[in-house]
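Enquirer: Quick one: structure below, then a few questions.
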Amino acid sequence: MTTREMQDEILRLKQEKSVCVLVHAYQDEDIWEIADYVGDSFGLSQQAAAAKEDTVLMCGVRFMAETVKILAPQKRVFLSHPQAGCPMADAVDEDILAQVKADTPDVPVAAYVNTTAAVKALCDVCVTSSSAVKILRAYPADRFIFLPDPNLGAYIQSQLPEKSFELLPGGCPTHLRLTERDIAAAREAHPDALILMHPECHPRVAKKADYLGSTTQILSYAEKSDKKEFVIATENSIVEHLKFRCPDKKFYPLSRDCVCHNMRLTTLPDVYRFLATGEGEEILLAPDLIEKARRPIDAMLRYGG
């Protein structure tokens with residue numbers, strides 16, 4: 001099969017079998033083109049909950065598929081590649097978090113939505129990179145334990161100086177590859193370009209960006225801007241997508257090494273194989289875990305609007 005033939009067959013099969021295909025923004029363009037919805041992790045989960053289909057395929061990583069199951073427990077949810085995990089989400093030890101909570105029982109735990117279901121079940125409120133400041137500004141507390149990304153936490157702290165945050169160790173290894181040296185090289189190579197960066201980058205690097213935002217915010221900013229050149233400081237697939245969306249503009253990766261290898265595990269043939277054979281890893285969560293993990297998500301929606 002050619003790429004186009006495989007895409008056409010995927011479109012036919014998902015219609016025939018009533019499957020909703022969710023695609024995270026860090027997937028390749030050939031997978032974007034067969035998606036029902038493309039977006040960030042939480043936005044995809046909301047789309048899945050509202051979709052008419054009873055079967056959902058998540059082309060992303062495991063915590064995203066878990067979040068879909070939490071929001072839509074009545075649906076069958078599958079992960080496109082069984083080894084697609086998230087090092088940042090997987091680095092949080094539930095036992096250590098339970099001990100931290102026991103030592104500071106009056107301090108709410110705020111969790112980036114990029115966490116496992118088991119960790120969410122121990123937290124008080126979830127946030128996304130685009131909504132974190134709004135949610136934690138509205139949340140009725142002056143002190144938080146924040147996990148699993150201290151870089152995003154440092155950004156939130158800079159926007160909410162009236163509140164305090166205990167930042168647990170962790171972070172995204174993909175974004176942590178970006179350095180101040182990369183910024184200096186980009187400024188020299190592309191002096192007219194704006195640098196658009198994800199707040200998961202280290203604070204020393206992030207402060208040198210022209211714009212900080214979530215993946216979807218970066219896409220939107222570049223599309224709407226009247227500027228013509230941009231350096232993209234997040235997963236390099238976004239450079240590819242922006243070249244398709246805005247062929248009249250120029251886009252450069254901040255570093256050729258800013259690649260999420262877990263996201264890249266999913267391929268178009270993986271999607272085809274699932275739809276053609278029905279074989280795949282189904283995400284199964286215990287009802288009590290779903291109930292507990294749903295509470296911080298509900299708090300996020302309550303305070304974030």
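The chains in the structure tokens are called A, B, ... from first to last as shown; in each chain the residues are counted from 1, and the ligands are counted from 1 in the order shown.
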Please list as an NGL selection string every residue within 6 Å of A:Ser129, counting only C-alpha atoms and excluding residues in the same chain fewer than 2 positions away.
Expert: :A and (131-132 or 214)
Enquirer: Can I get the selected residues back with C-alpha atoms, as a PDB file, in the first residue's frame?
Expert:
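Saved to result.pdb:
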ATOM      1  CA  SER A 131      -4.962  26.605  31.749  1.00  0.00           C
ATOM      2  CA  ALA A 132      -2.703  26.162  34.784  1.00  0.00           C
ATOM      3  CA  SER A 214       1.126  25.094  25.063  1.00  0.00           C
TER       4      SER A 214
END
Enquirer: May I have the residues within 10 Å of stretch 48-55 of chain A as a list in words, using only C-alpha atoms and disregarding those fewer than 4 positions away in the same chain?
Expert: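 What passes the distance filter is Lys14, Gln15, Lys17, Ser18, Val19, Cys20, Val21, Leu22, Asp36, Tyr37, Phe42, Gly43, Leu44, Thr67, Val68, Lys69, Ile70, Leu71, Ala72, Pro73, Gln74, Lys75, Arg76, Val77 and Phe78 of chain A.
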Enquirer: Taking only C-alpha atoms into account, name the residue in A:Arg137, A:Met197, A:Ser45, A:Phe144 that is nearest to A:Thr216.
Expert: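 That would be A:Met197, the residue with the smallest distance to A:Thr216.
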Enquirer: Just the number, please: distance in Å from atom CA of A:Phe165 to atom CA of A:Ala299, one decimal.
Expert: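 These atoms are spaced 18.2 Å apart.
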Enquirer: Excluding same-chain residues fewer than 3 positions from stretch 293-298 of chain A, what lies within 6 Å of it counting only C-alpha atoms, as an NGL selection string?
Expert: :A and (117 or 120-121 or 124-126 or 289-290 or 301)
Enquirer: What would the file look like if the residues just selected were written as a PDB file, in the first residue's frame with N, CA and C atoms?
Expert:
ATOM      1  N   ALA A 117      -3.136   7.659  35.769  1.00  0.00           N
ATOM      2  CA  ALA A 117      -4.403   7.617  36.505  1.00  0.00           C
ATOM      3  C   ALA A 117      -4.161   7.406  37.987  1.00  0.00           C
ATOM      4  N   LYS A 120      -3.159  10.748  39.484  1.00  0.00           N
ATOM      5  CA  LYS A 120      -4.312  11.652  39.534  1.00  0.00           C
ATOM      6  C   LYS A 120      -5.212  11.317  40.725  1.00  0.00           C
ATOM      7  N   ALA A 121      -5.334  10.042  41.027  1.00  0.00           N
ATOM      8  CA  ALA A 121      -6.216   9.616  42.114  1.00  0.00           C
ATOM      9  C   ALA A 121      -5.759  10.152  43.474  1.00  0.00           C
ATOM     10  N   ASP A 124      -5.497  16.758  44.070  1.00  0.00           N
ATOM     11  CA  ASP A 124      -6.680  17.568  44.351  1.00  0.00           C
ATOM     12  C   ASP A 124      -7.197  18.301  43.121  1.00  0.00           C
ATOM     13  N   VAL A 125      -6.289  18.681  42.227  1.00  0.00           N
ATOM     14  CA  VAL A 125      -6.698  19.410  41.030  1.00  0.00           C
ATOM     15  C   VAL A 125      -5.684  19.146  39.931  1.00  0.00           C
ATOM     16  N   CYS A 126      -6.161  19.005  38.709  1.00  0.00           N
ATOM     17  CA  CYS A 126      -5.296  18.875  37.537  1.00  0.00           C
ATOM     18  C   CYS A 126      -5.256  20.201  36.786  1.00  0.00           C
ATOM     19  N   LEU A 289     -10.693   3.424  40.827  1.00  0.00           N
ATOM     20  CA  LEU A 289      -9.604   4.272  40.360  1.00  0.00           C
ATOM     21  C   LEU A 289     -10.135   5.359  39.441  1.00  0.00           C
ATOM     22  N   ILE A 290     -11.051   5.011  38.568  1.00  0.00           N
ATOM     23  CA  ILE A 290     -11.662   6.011  37.692  1.00  0.00           C
ATOM     24  C   ILE A 290     -12.353   7.089  38.515  1.00  0.00           C
ATOM     25  N   LEU A 301     -11.997  21.471  35.701  1.00  0.00           N
ATOM     26  CA  LEU A 301     -13.071  22.037  34.903  1.00  0.00           C
ATOM     27  C   LEU A 301     -13.847  23.083  35.686  1.00  0.00           C
TER      28      LEU A 301
END
